[in-house]
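Text of target28.csv, listed as CSV, C-alpha atoms:
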```
chain,number,residue,atom,x,y,z
A,1,MET,CA,6.2,-16.8,-54.9
A,2,THR,CA,2.8,-15.5,-54.1
A,3,ASN,CA,3.1,-16.6,-50.5
A,4,TYR,CA,6.5,-15.0,-50.0
A,5,PRO,CA,5.4,-11.5,-49.2
A,6,ARG,CA,2.8,-12.8,-46.8
A,7,THR,CA,5.4,-14.9,-45.0
A,8,VAL,CA,7.7,-12.0,-44.8
A,9,GLY,CA,4.9,-9.8,-43.5
A,10,LYS,CA,4.0,-12.4,-40.8
A,11,LYS,CA,7.6,-12.7,-39.7
A,12,SER,CA,8.1,-8.9,-39.6
A,13,LYS,CA,4.9,-8.6,-37.5
A,14,GLN,CA,6.1,-11.3,-35.1
A,15,LEU,CA,9.5,-9.7,-34.9
A,16,PHE,CA,8.0,-6.4,-34.1
A,17,ASP,CA,5.7,-7.7,-31.4
A,18,GLU,CA,8.5,-9.8,-29.8
A,19,THR,CA,10.9,-6.8,-29.8
A,20,VAL,CA,8.4,-4.5,-28.3
A,21,LYS,CA,7.3,-7.0,-25.6
A,22,ARG,CA,10.9,-7.9,-24.7
A,23,GLU,CA,11.9,-4.3,-24.2
A,24,LEU,CA,8.7,-3.6,-22.3
A,25,GLY,CA,9.5,-6.5,-20.0
A,26,ASN,CA,13.0,-5.3,-19.3
A,27,VAL,CA,11.8,-1.8,-18.5
A,28,ALA,CA,9.0,-3.1,-16.3
A,29,ALA,CA,11.3,-5.3,-14.3
A,30,ALA,CA,13.5,-2.3,-13.5
A,31,VAL,CA,10.6,0.0,-12.7
A,32,PHE,CA,8.8,-2.5,-10.5
A,33,SER,CA,12.0,-3.2,-8.5
A,34,VAL,CA,12.4,0.5,-7.8
A,35,LEU,CA,8.8,1.1,-6.9
A,36,VAL,CA,8.7,-2.0,-4.6
A,37,GLY,CA,11.9,-0.8,-3.0
A,38,ILE,CA,10.5,2.6,-2.2
A,39,VAL,CA,7.3,1.2,-0.7
A,40,VAL,CA,9.2,-1.4,1.4
A,41,VAL,CA,11.6,1.2,2.7
A,42,THR,CA,8.9,3.7,3.6
A,43,GLN,CA,6.6,1.1,5.2
A,44,LEU,CA,9.5,-0.6,7.1
A,45,SER,CA,10.6,2.8,8.5
A,46,ARG,CA,7.1,3.5,9.7
A,47,LEU,CA,6.7,0.0,11.3
A,48,LEU,CA,10.1,0.2,12.9
A,49,GLY,CA,9.2,3.6,14.3
A,50,GLU,CA,6.1,2.1,15.9
A,51,ALA,CA,8.1,-0.8,17.3
A,52,ALA,CA,10.7,1.6,18.7
A,53,GLY,CA,7.9,3.6,20.3
A,54,GLY,CA,6.5,0.5,22.0
A,55,THR,CA,3.1,0.6,20.1
A,56,LEU,CA,4.0,-2.5,18.1
A,57,GLU,CA,5.9,-5.7,19.0
A,58,ALA,CA,9.1,-6.2,17.0
A,59,LYS,CA,8.0,-9.6,15.9
A,60,GLY,CA,5.0,-8.1,14.1
A,61,VAL,CA,7.0,-5.9,11.8
A,62,ALA,CA,7.7,-8.5,9.2
A,63,VAL,CA,4.2,-9.8,9.2
A,64,LEU,CA,2.6,-6.4,8.8
A,65,LEU,CA,5.2,-5.5,6.2
A,66,GLY,CA,4.0,-8.4,4.1
A,67,PHE,CA,0.3,-7.5,4.4
A,68,SER,CA,1.2,-3.9,3.5
A,69,ALA,CA,3.0,-5.0,0.4
A,70,LEU,CA,0.0,-6.9,-0.8
A,71,ASN,CA,-2.2,-3.9,-0.2
A,72,TYR,CA,0.0,-1.7,-2.4
A,73,LEU,CA,0.7,-4.2,-5.2
A,74,PRO,CA,-2.3,-3.3,-7.4
A,75,VAL,CA,-1.3,0.4,-7.5
A,76,LEU,CA,2.4,-0.5,-8.0
A,77,LEU,CA,1.6,-2.9,-10.9
A,78,SER,CA,-0.7,-0.3,-12.5
A,79,LEU,CA,2.0,2.4,-12.2
A,80,THR,CA,4.7,0.0,-13.5
A,81,LEU,CA,2.6,-0.8,-16.6
A,82,PHE,CA,2.0,2.9,-17.4
A,83,ILE,CA,5.7,4.0,-16.8
A,84,SER,CA,7.1,1.0,-18.7
A,85,VAL,CA,5.1,1.7,-21.9
A,86,LEU,CA,5.7,5.4,-21.6
A,87,LEU,CA,9.5,5.1,-21.2
A,88,THR,CA,9.9,2.4,-23.9
A,89,LEU,CA,8.1,4.4,-26.5
A,90,THR,CA,9.6,7.7,-25.4
A,91,ARG,CA,13.1,6.2,-25.9
A,92,SER,CA,12.0,5.0,-29.4
A,93,TYR,CA,11.1,8.5,-30.3
A,94,GLN,CA,14.2,9.9,-28.8
A,95,ASP,CA,16.5,7.5,-30.7
A,96,SER,CA,14.5,8.0,-33.9
A,97,GLU,CA,13.4,4.4,-34.0
A,98,MET,CA,9.8,5.5,-34.3
A,99,THR,CA,10.7,7.3,-37.5
A,100,VAL,CA,12.1,4.1,-39.0
A,101,TRP,CA,8.9,2.2,-38.0
A,102,PHE,CA,6.6,4.8,-39.5
A,103,VAL,CA,8.6,4.9,-42.7
A,104,SER,CA,8.4,1.1,-42.9
A,105,GLY,CA,4.6,1.4,-42.8
A,106,VAL,CA,4.0,0.7,-39.1
A,107,SER,CA,1.2,3.0,-37.9
A,108,LEU,CA,0.9,4.3,-34.3
A,109,THR,CA,-2.2,2.0,-33.8
A,110,ARG,CA,0.0,-1.0,-34.6
A,111,TRP,CA,1.5,-0.5,-31.1
A,112,ILE,CA,-1.8,-1.3,-29.5
A,113,ARG,CA,-1.5,-5.1,-30.2
A,114,PRO,CA,1.9,-5.7,-28.4
A,115,VAL,CA,1.0,-3.3,-25.6
A,116,LEU,CA,-2.3,-5.1,-25.1
A,117,ALA,CA,-0.5,-8.4,-25.0
A,118,PHE,CA,2.0,-7.1,-22.5
A,119,SER,CA,-0.8,-5.4,-20.4
A,120,MET,CA,-3.2,-8.3,-20.0
A,121,PRO,CA,-1.1,-10.3,-17.5
A,122,PHE,CA,-0.8,-7.1,-15.4
A,123,VAL,CA,-4.5,-6.5,-15.6
A,124,ALA,CA,-5.3,-10.1,-14.6
A,125,ILE,CA,-2.9,-10.0,-11.6
A,126,ILE,CA,-4.3,-6.6,-10.5
A,127,ALA,CA,-7.9,-8.0,-10.8
A,128,ILE,CA,-7.0,-11.0,-8.6
A,129,LEU,CA,-5.3,-8.7,-6.1
A,130,SER,CA,-8.1,-6.2,-6.0
A,131,PHE,CA,-11.0,-8.6,-5.7
A,132,SER,CA,-9.4,-11.2,-3.5
A,133,LEU,CA,-5.9,-10.9,-2.0
A,134,THR,CA,-5.9,-7.2,-1.1
A,135,PRO,CA,-9.1,-7.4,1.0
A,136,TRP,CA,-7.8,-10.5,2.7
A,137,ALA,CA,-4.5,-8.8,3.5
A,138,ILE,CA,-6.2,-5.8,5.0
A,139,SER,CA,-8.5,-7.9,7.1
A,140,GLN,CA,-5.6,-10.1,8.3
A,141,SER,CA,-3.5,-7.0,9.1
A,142,ASP,CA,-6.3,-5.5,11.2
A,143,LYS,CA,-6.9,-8.8,12.9
A,144,TYR,CA,-3.1,-9.2,13.7
A,145,ARG,CA,-2.9,-5.7,15.0
A,146,LYS,CA,-5.8,-6.3,17.3
A,147,GLU,CA,-4.2,-9.5,18.6
A,148,LEU,CA,-1.0,-7.6,19.3
A,149,GLU,CA,-2.9,-4.9,21.1
A,150,SER,CA,-4.8,-7.5,23.2
A,151,LYS,CA,-1.7,-8.8,24.7
A,152,GLU,CA,-0.3,-7.9,28.1
A,153,GLU,CA,0.8,-4.3,28.5
A,154,VAL,CA,4.3,-5.1,29.6
A,155,THR,CA,5.0,-7.3,26.6
A,156,ASN,CA,4.3,-4.2,24.4
A,157,VAL,CA,6.7,-2.0,26.2
A,158,ALA,CA,10.0,-1.6,24.4
A,159,PRO,CA,13.1,-1.6,26.7
A,160,GLY,CA,14.4,1.9,27.4
A,161,VAL,CA,11.1,3.6,26.4
A,162,PHE,CA,8.5,5.1,28.7
A,163,ARG,CA,5.1,3.6,27.8
A,164,GLU,CA,1.6,4.6,29.1
A,165,SER,CA,-0.9,1.8,29.7
A,166,LYS,CA,-4.1,1.7,27.6
A,167,GLY,CA,-6.1,2.8,30.6
A,168,ALA,CA,-3.8,5.8,31.1
A,169,ASP,CA,-3.4,4.9,34.7
A,170,ARG,CA,0.1,3.4,34.6
A,171,VAL,CA,3.5,4.3,33.1
A,172,TYR,CA,6.2,1.7,32.6
A,173,PHE,CA,9.9,1.8,32.0
A,174,PHE,CA,12.5,-1.0,32.2
A,175,GLU,CA,15.8,-2.2,30.8
A,176,GLN,CA,16.2,-5.5,29.0
A,177,GLY,CA,17.2,-8.5,31.0
A,178,LYS,CA,17.7,-12.2,30.3
A,179,LYS,CA,14.7,-14.0,28.7
A,180,ASN,CA,11.6,-13.0,30.7
A,181,GLU,CA,13.6,-11.1,33.2
A,182,VAL,CA,13.9,-7.3,33.2
A,183,SER,CA,16.0,-4.8,35.2
A,184,ASN,CA,15.8,-1.3,36.6
A,185,ILE,CA,12.0,-1.2,36.6
A,186,PHE,CA,10.0,2.0,37.0
A,187,VAL,CA,6.2,1.9,37.4
A,188,GLN,CA,3.9,4.8,38.2
A,189,SER,CA,0.2,4.3,38.8
A,190,THR,CA,-2.7,6.5,39.9
A,191,GLN,CA,-5.4,5.1,42.2
A,192,ASP,CA,-8.0,7.0,44.2
A,193,GLY,CA,-6.2,10.3,43.7
A,194,LYS,CA,-3.0,8.9,45.0
A,195,VAL,CA,0.2,8.5,42.9
A,196,GLY,CA,2.2,5.4,43.5
A,197,THR,CA,5.8,5.1,42.2
A,198,MET,CA,7.7,1.9,42.3
A,199,VAL,CA,11.3,1.2,41.4
A,200,ALA,CA,13.0,-2.1,41.5
A,201,LYS,CA,16.4,-3.5,40.5
A,202,SER,CA,15.0,-6.5,38.8
A,203,GLY,CA,11.7,-8.3,37.9
A,204,LEU,CA,10.1,-11.0,35.9
A,205,GLN,CA,6.8,-12.2,34.6
A,206,GLU,CA,4.8,-15.1,36.1
A,207,VAL,CA,1.8,-17.0,35.0
A,208,LYS,CA,-0.5,-18.4,37.7
A,209,GLU,CA,-2.4,-21.6,37.5
A,210,ASN,CA,-5.6,-19.8,36.5
A,211,GLY,CA,-3.8,-18.2,33.5
A,212,ASP,CA,-3.5,-14.7,35.1
A,213,LYS,CA,-0.2,-13.0,34.4
A,214,PHE,CA,1.7,-10.9,36.9
A,215,LEU,CA,4.6,-8.6,36.7
A,216,VAL,CA,6.8,-9.4,39.7
A,217,LEU,CA,9.1,-6.6,41.1
A,218,LEU,CA,12.0,-7.8,43.2
A,219,ASP,CA,14.0,-5.8,45.8
A,220,GLY,CA,12.3,-2.5,45.2
A,221,THR,CA,10.7,0.6,46.9
A,222,ARG,CA,7.2,2.1,46.6
A,223,TYR,CA,6.5,5.8,47.1
A,224,GLU,CA,2.8,6.7,47.6
A,225,GLY,CA,1.1,10.0,48.2
A,226,ARG,CA,-0.9,12.9,46.8
A,227,ASP,CA,0.4,15.7,44.7
A,228,GLY,CA,0.9,18.9,46.7
A,229,PHE,CA,1.0,17.1,50.1
A,230,ALA,CA,3.9,16.0,52.2
A,231,ASP,CA,2.3,12.8,53.6
A,232,TYR,CA,4.2,10.4,51.3
A,233,ARG,CA,4.7,6.9,52.5
A,234,ILE,CA,7.9,5.0,51.6
A,235,MET,CA,7.8,1.2,51.6
A,236,HIS,CA,10.5,-1.3,50.8
A,237,PHE,CA,9.6,-4.7,49.5
A,238,GLY,CA,11.4,-7.8,48.5
A,239,ARG,CA,8.7,-9.0,46.2
A,240,TYR,CA,5.7,-7.1,44.7
A,241,GLU,CA,3.2,-8.7,42.3
A,242,MET,CA,1.2,-6.6,39.9
A,243,ARG,CA,-1.5,-8.2,37.9
A,244,MET,CA,-1.4,-7.4,34.2
A,245,GLU,CA,-4.8,-7.4,32.6
A,246,ALA,CA,-5.0,-8.1,28.9
A,247,SER,CA,-7.1,-5.7,27.0
A,248,ARG,CA,-10.0,-7.4,25.4
A,249,MET,CA,-10.3,-7.5,21.6
A,250,LYS,CA,-13.1,-5.2,20.4
A,251,PRO,CA,-15.1,-6.8,17.6
A,252,GLY,CA,-16.0,-3.6,15.9
A,253,ILE,CA,-17.5,-3.3,12.4
A,254,PRO,CA,-15.2,-4.4,9.6
A,255,GLU,CA,-14.4,-1.8,7.0
A,256,ALA,CA,-15.6,-2.3,3.5
A,257,LYS,CA,-12.0,-2.5,2.3
A,258,SER,CA,-11.4,-5.7,4.3
A,259,LEU,CA,-14.6,-7.5,3.2
A,260,PRO,CA,-14.6,-10.2,0.5
A,261,THR,CA,-16.1,-9.2,-2.8
A,262,LEU,CA,-19.0,-11.7,-2.5
A,263,VAL,CA,-20.0,-10.0,0.8
A,264,LEU,CA,-20.1,-6.6,-0.9
A,265,LEU,CA,-22.3,-8.0,-3.7
A,266,LYS,CA,-24.9,-9.3,-1.3
A,267,ASP,CA,-25.6,-5.8,0.2
A,268,LEU,CA,-25.4,-3.0,-2.3
A,269,ASN,CA,-25.4,-0.1,0.1
A,270,PRO,CA,-23.5,3.1,-1.0
A,271,THR,CA,-20.4,2.2,1.0
A,272,TYR,CA,-20.1,-1.3,-0.5
A,273,VAL,CA,-20.9,0.0,-4.0
A,274,ALA,CA,-18.1,2.6,-3.7
A,275,GLU,CA,-15.7,-0.1,-2.7
A,276,LEU,CA,-16.8,-2.3,-5.6
A,277,GLY,CA,-16.3,0.6,-7.9
A,278,TRP,CA,-12.7,1.0,-6.6
A,279,ARG,CA,-12.0,-2.8,-7.1
A,280,ILE,CA,-13.4,-2.7,-10.6
A,281,GLY,CA,-11.6,0.4,-11.4
A,282,MET,CA,-8.1,-0.8,-10.5
A,283,PRO,CA,-7.7,-3.3,-13.4
A,284,LEU,CA,-9.7,-1.2,-15.8
A,285,SER,CA,-7.7,1.9,-15.1
A,286,ALA,CA,-4.5,-0.1,-15.6
A,287,LEU,CA,-5.6,-1.2,-19.0
A,288,ILE,CA,-6.6,2.3,-20.0
A,289,LEU,CA,-3.3,3.8,-18.7
A,290,GLY,CA,-1.3,1.3,-20.6
A,291,LEU,CA,-2.9,2.2,-23.9
A,292,LEU,CA,-2.9,5.9,-23.0
A,293,ALA,CA,0.9,5.8,-22.7
A,294,ILE,CA,1.1,5.2,-26.4
A,295,PRO,CA,0.0,8.6,-27.7
A,296,LEU,CA,1.4,10.3,-24.6
A,297,SER,CA,4.9,9.0,-25.3
A,298,PHE,CA,5.4,11.3,-28.4
A,299,VAL,CA,8.5,13.4,-28.1
A,300,ASN,CA,10.4,15.5,-30.6
A,301,PRO,CA,13.9,13.9,-31.0
A,302,ARG,CA,15.5,17.3,-31.3
A,303,ALA,CA,13.9,18.5,-28.1
A,304,GLY,CA,13.9,17.2,-24.5
A,305,ARG,CA,11.5,14.6,-23.4
A,306,SER,CA,10.6,16.1,-20.0
A,307,LEU,CA,7.4,17.8,-21.3
A,308,ASN,CA,5.6,14.6,-22.3
A,309,ILE,CA,6.7,12.9,-19.0
A,310,ILE,CA,5.3,15.8,-17.0
A,311,MET,CA,2.1,15.6,-19.0
A,312,ALA,CA,1.8,11.9,-18.5
A,313,ILE,CA,2.4,12.1,-14.8
A,314,LEU,CA,-0.2,14.9,-14.5
A,315,ILE,CA,-2.8,12.8,-16.3
A,316,TYR,CA,-2.1,9.8,-14.1
A,317,MET,CA,-2.5,11.8,-11.0
A,318,ILE,CA,-5.7,13.4,-12.2
A,319,TYR,CA,-7.1,10.0,-13.1
A,320,SER,CA,-6.1,8.4,-9.8
A,321,ASN,CA,-7.5,11.3,-7.8
A,322,LEU,CA,-10.8,11.3,-9.7
A,323,LEU,CA,-11.2,7.6,-9.0
A,324,GLY,CA,-10.9,8.3,-5.3
A,325,MET,CA,-13.2,11.3,-5.5
A,326,THR,CA,-16.0,9.5,-7.4
A,327,ASN,CA,-15.9,6.7,-4.9
A,328,ILE,CA,-16.5,9.2,-2.1
A,329,TRP,CA,-19.3,10.8,-4.1
A,330,VAL,CA,-20.9,7.4,-4.6
A,331,MET,CA,-20.5,6.7,-0.8
A,332,ARG,CA,-22.2,10.0,0.0
A,333,GLN,CA,-24.8,9.4,-2.7
A,334,LYS,CA,-23.9,12.6,-4.5
A,335,VAL,CA,-23.7,10.7,-7.9
A,336,GLY,CA,-25.4,7.6,-9.1
A,337,TYR,CA,-23.9,4.2,-9.1
A,338,LEU,CA,-23.4,3.9,-12.9
A,339,ALA,CA,-21.9,7.4,-13.2
A,340,GLY,CA,-19.7,7.0,-10.2
A,341,ILE,CA,-18.3,3.6,-11.2
A,342,TRP,CA,-18.1,3.9,-15.0
A,343,GLY,CA,-18.2,7.6,-15.7
A,344,ILE,CA,-14.5,8.4,-15.2
A,345,HIS,CA,-13.4,5.4,-17.2
A,346,PHE,CA,-15.5,6.3,-20.1
A,347,ALA,CA,-14.2,9.9,-20.0
A,348,MET,CA,-10.6,8.6,-19.9
A,349,PHE,CA,-11.3,6.2,-22.8
A,350,ALA,CA,-12.7,9.2,-24.8
A,351,ILE,CA,-9.5,11.1,-24.1
A,352,LEU,CA,-7.5,8.0,-25.2
A,353,VAL,CA,-9.4,7.9,-28.6
A,354,ALA,CA,-9.0,11.7,-29.0
A,355,LEU,CA,-5.3,11.5,-28.4
A,356,PHE,CA,-4.8,8.7,-30.9
A,357,TYR,CA,-6.9,10.6,-33.5
A,358,TRP,CA,-4.8,13.8,-32.9
A,359,ARG,CA,-1.5,12.0,-33.2
A,360,LEU,CA,-2.6,10.1,-36.4
A,361,SER,CA,-3.8,13.4,-37.9
A,362,ILE,CA,-0.4,15.0,-37.2
A,363,PHE,CA,1.4,12.1,-38.8
A,364,SER,CA,-0.9,12.2,-41.9
A,365,LEU,CA,-0.3,15.9,-42.4
A,366,ARG,CA,3.5,15.4,-42.2
A,367,ARG,CA,3.3,12.6,-44.8
A,368,MET,CA,1.3,14.9,-47.2
A,369,ARG,CA,3.9,17.5,-46.9
```

What would the structure in this file look like if it were written as structure tokens?
Amino acid sequence: MTNYPRTVGKKSKQLFDETVKRELGNVAAAVFSVLVGIVVVTQLSRLLGEAAGGTLEAKGVAVLLGFSALNYLPVLLSLTLFISVLLTLTRSYQDSEMTVWFVSGVSLTRWIRPVLAFSMPFVAIIAILSFSLTPWAISQSDKYRKELESKEEVTNVAPGVFRESKGADRVYFFEQGKKNEVSNIFVQSTQDGKVGTMVAKSGLQEVKENGDKFLVLLDGTRYEGRDGFADYRIMHFGRYEMRMEASRMKPGIPEAKSLPTLVLLKDLNPTYVAELGWRIGMPLSALILGLLAIPLSFVNPRAGRSLNIIMAILIYMIYSNLLGMTNIWVMRQKVGYLAGIWGIHFAMFAILVALFYWRLSIFSLRRMR
């Protein structure tokens, strides 16, 4: 008989934790699906716009979309965690379930345990993404874009779209043909102050033995002259070969966002420290936001729940913007490393403790009455 209350207490605690985690999981799945859908649609529309404009090959859309999704995943997971805890507890207040839990002796701090258990997998995944996968995705995306840009100019021209060459000395237009063939070609080039315009009914691409690639115009006409003068020459040709030079890849200096974390640790200059602060801040801020949603979820069942949602979103935006601002300040050496990396997190943790204390004080006063 002496162990019976303890057994019941353990079972009730397990039931409480499992109920909370199950509801948090259901809400998180719905929230994450919506957020991912929004990001995929917006990024896909942007990439398709680049492909339609001829600045990006159509085959590169899917690859760059995948890299972009990996880049946004840490933010999406952090926001999913925050919104899931907020909506779950807000609904409990709205449906008066919180009142039942409080009457049963469950304190507000008792929610910390299931929320922490639910948050830790999110925090672990965000940490892996921030320190490893996201920098890799950014570097691979930049590398892939440079490879696409280094290809021949004509291969980057979308059918039915006017496209200027990288050297700004040629303009292309053609309609799609069969395989490597094109039709109704228009090419305008400027050399030595003379403007040359060529039109052809058909054309194709050829690769010579030395690897040079040429655009071959068939059955066309070339008009050559200077602007403002009447001495234009008109030439008809059966075959005209135009050498297409591939733009060389520029090595450039890789950005800190694309560098591996171990590389950043080897050279602690302000730019690298700021990037390290951002990567450390992503999982840490997700954990703080998940706990912060507990006191922020309070809502009066007799009133609407829009006020606490607005307050929570405002705090999230302020937190996120301050993280970005402090990283910029660290990069410009306006604040120290420790203050820039840890200062905003300590401040938000202090706000978290103050909110818990405030809510617990209100509940204690209500019980005394």

Work out how far apart CA of Leu89 (chain A) and CA of Pro283 (chain A) are and give it in Å to one decimal.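 A separation of 21.9 Å between them.
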
Could you check how far CA of Gly324 (chain A) sits from CA of Arg145 (chain A), in Å to one decimal?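 For CA of Gly324 (chain A) relative to CA of Arg145 (chain A), the distance reads 25.9 Å.
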
Shell around Ser202 (chain A) at 6 Å using only C-alpha atoms, local window under 6 positions removed, as a list in words: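 So, after excluding close chain neighbours, the residues are Val182, Ser183, Asn184 and Leu218 of chain A.
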
Among A:Asn26, A:Thr90, A:Ser130, A:Ser320, Ile280 (chain A) is approached most closely, using all atoms listed in the file, by A:Ser130

Within 9 Å of (0.3, -11.0, 40.3) in the file's own coordinates, which protein, DNA or RNA residues have an atom, counting all atoms listed in the file? List them as a VMD selection string. chain A and resid 205 to 208 212 to 216 240 to 244

Compile the contact shell of Val34 (chain A) as a PDB file with C-alpha atoms, in the coordinates of the input: residues with an atom at most 12 Å away, counting only C-alpha atoms, same-chain residues fewer than 3 positions apart removed.
```
ATOM      1  CA  VAL A  27      11.800  -1.800 -18.500  1.00  0.00           C
ATOM      2  CA  ALA A  28       9.000  -3.100 -16.300  1.00  0.00           C
ATOM      3  CA  ALA A  29      11.300  -5.300 -14.300  1.00  0.00           C
ATOM      4  CA  ALA A  30      13.500  -2.300 -13.500  1.00  0.00           C
ATOM      5  CA  VAL A  31      10.600   0.000 -12.700  1.00  0.00           C
ATOM      6  CA  GLY A  37      11.900  -0.800  -3.000  1.00  0.00           C
ATOM      7  CA  ILE A  38      10.500   2.600  -2.200  1.00  0.00           C
ATOM      8  CA  VAL A  39       7.300   1.200  -0.700  1.00  0.00           C
ATOM      9  CA  VAL A  40       9.200  -1.400   1.400  1.00  0.00           C
ATOM     10  CA  VAL A  41      11.600   1.200   2.700  1.00  0.00           C
ATOM     11  CA  LEU A  76       2.400  -0.500  -8.000  1.00  0.00           C
ATOM     12  CA  LEU A  77       1.600  -2.900 -10.900  1.00  0.00           C
ATOM     13  CA  LEU A  79       2.000   2.400 -12.200  1.00  0.00           C
ATOM     14  CA  THR A  80       4.700   0.000 -13.500  1.00  0.00           C
ATOM     15  CA  ILE A  83       5.700   4.000 -16.800  1.00  0.00           C
TER      16      ILE A  83
END
```

In Å, rounded to a single decimal, give me how far CA of Leu148 (chain A) is from CA of Ala58 (chain A).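 So the two atoms, CA of Ala58 (chain A) and CA of Leu148 (chain A), lie 10.5 Å apart.
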
Can you find the residues with an atom no farther than 12 Å from (-6.5, 10.1, -25.2), counting all atoms listed in the file, and report them as a PyMOL selection string? chain A and resi 288-297+311-312+315-316+345-360

Proximity to Glu147 (chain A) - best of A:Thr221, A:Gly60, A:Ala51, A:Glu181, all atoms listed in the file: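 Closest candidate: A:Gly60.
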
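By only C-alpha atoms, and with residues fewer than 5 positions from Ile126 (chain A) along its chain excluded, the set lying at most 9 Å from it is Leu73, Pro74, Val75, Leu77, Ser78, Pro121, Phe131, Met282, Pro283 and Ala286 of chain A.
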
Have a look at A:Asn308, A:Ser361, A:Ser258, A:Thr271 and name the one nearest to Asn327 (chain A); count all atoms listed in the file.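 Residue with the minimum atom-to-atom distance to Asn327 (chain A): A:Thr271.
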
Which residue is closest to Val61 (chain A)? Choose from A:Thr326, A:Leu35, A:Glu97, A:Ser141 and count all atoms listed in the file.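 Counting all atoms listed in the file, the residue closest to Val61 (chain A) is A:Ser141.
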
Select, from A:Glu224, A:Glu23, A:Asp192, A:Asp231, the residue with the minimum atom-to-atom distance to Ser92 (chain A), counting all atoms listed in the file.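 Distance minimum relative to Ser92 (chain A) lands on A:Glu23.
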
For Leu276 (chain A), please output as a PyMOL selection string all residues within 9 Å (counting all atoms listed in the file; exclusion window: fewer than 5 positions along the same chain). chain A and resi 131+261+264-265+271+281+341

Which of these, A:Ser285, A:Asn321, A:Gln333, A:Ser107, has the shortest distance to Ala127 (chain A) once you count all atoms listed in the file?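 The answer is A:Ser285, which sits nearest to Ala127 (chain A).
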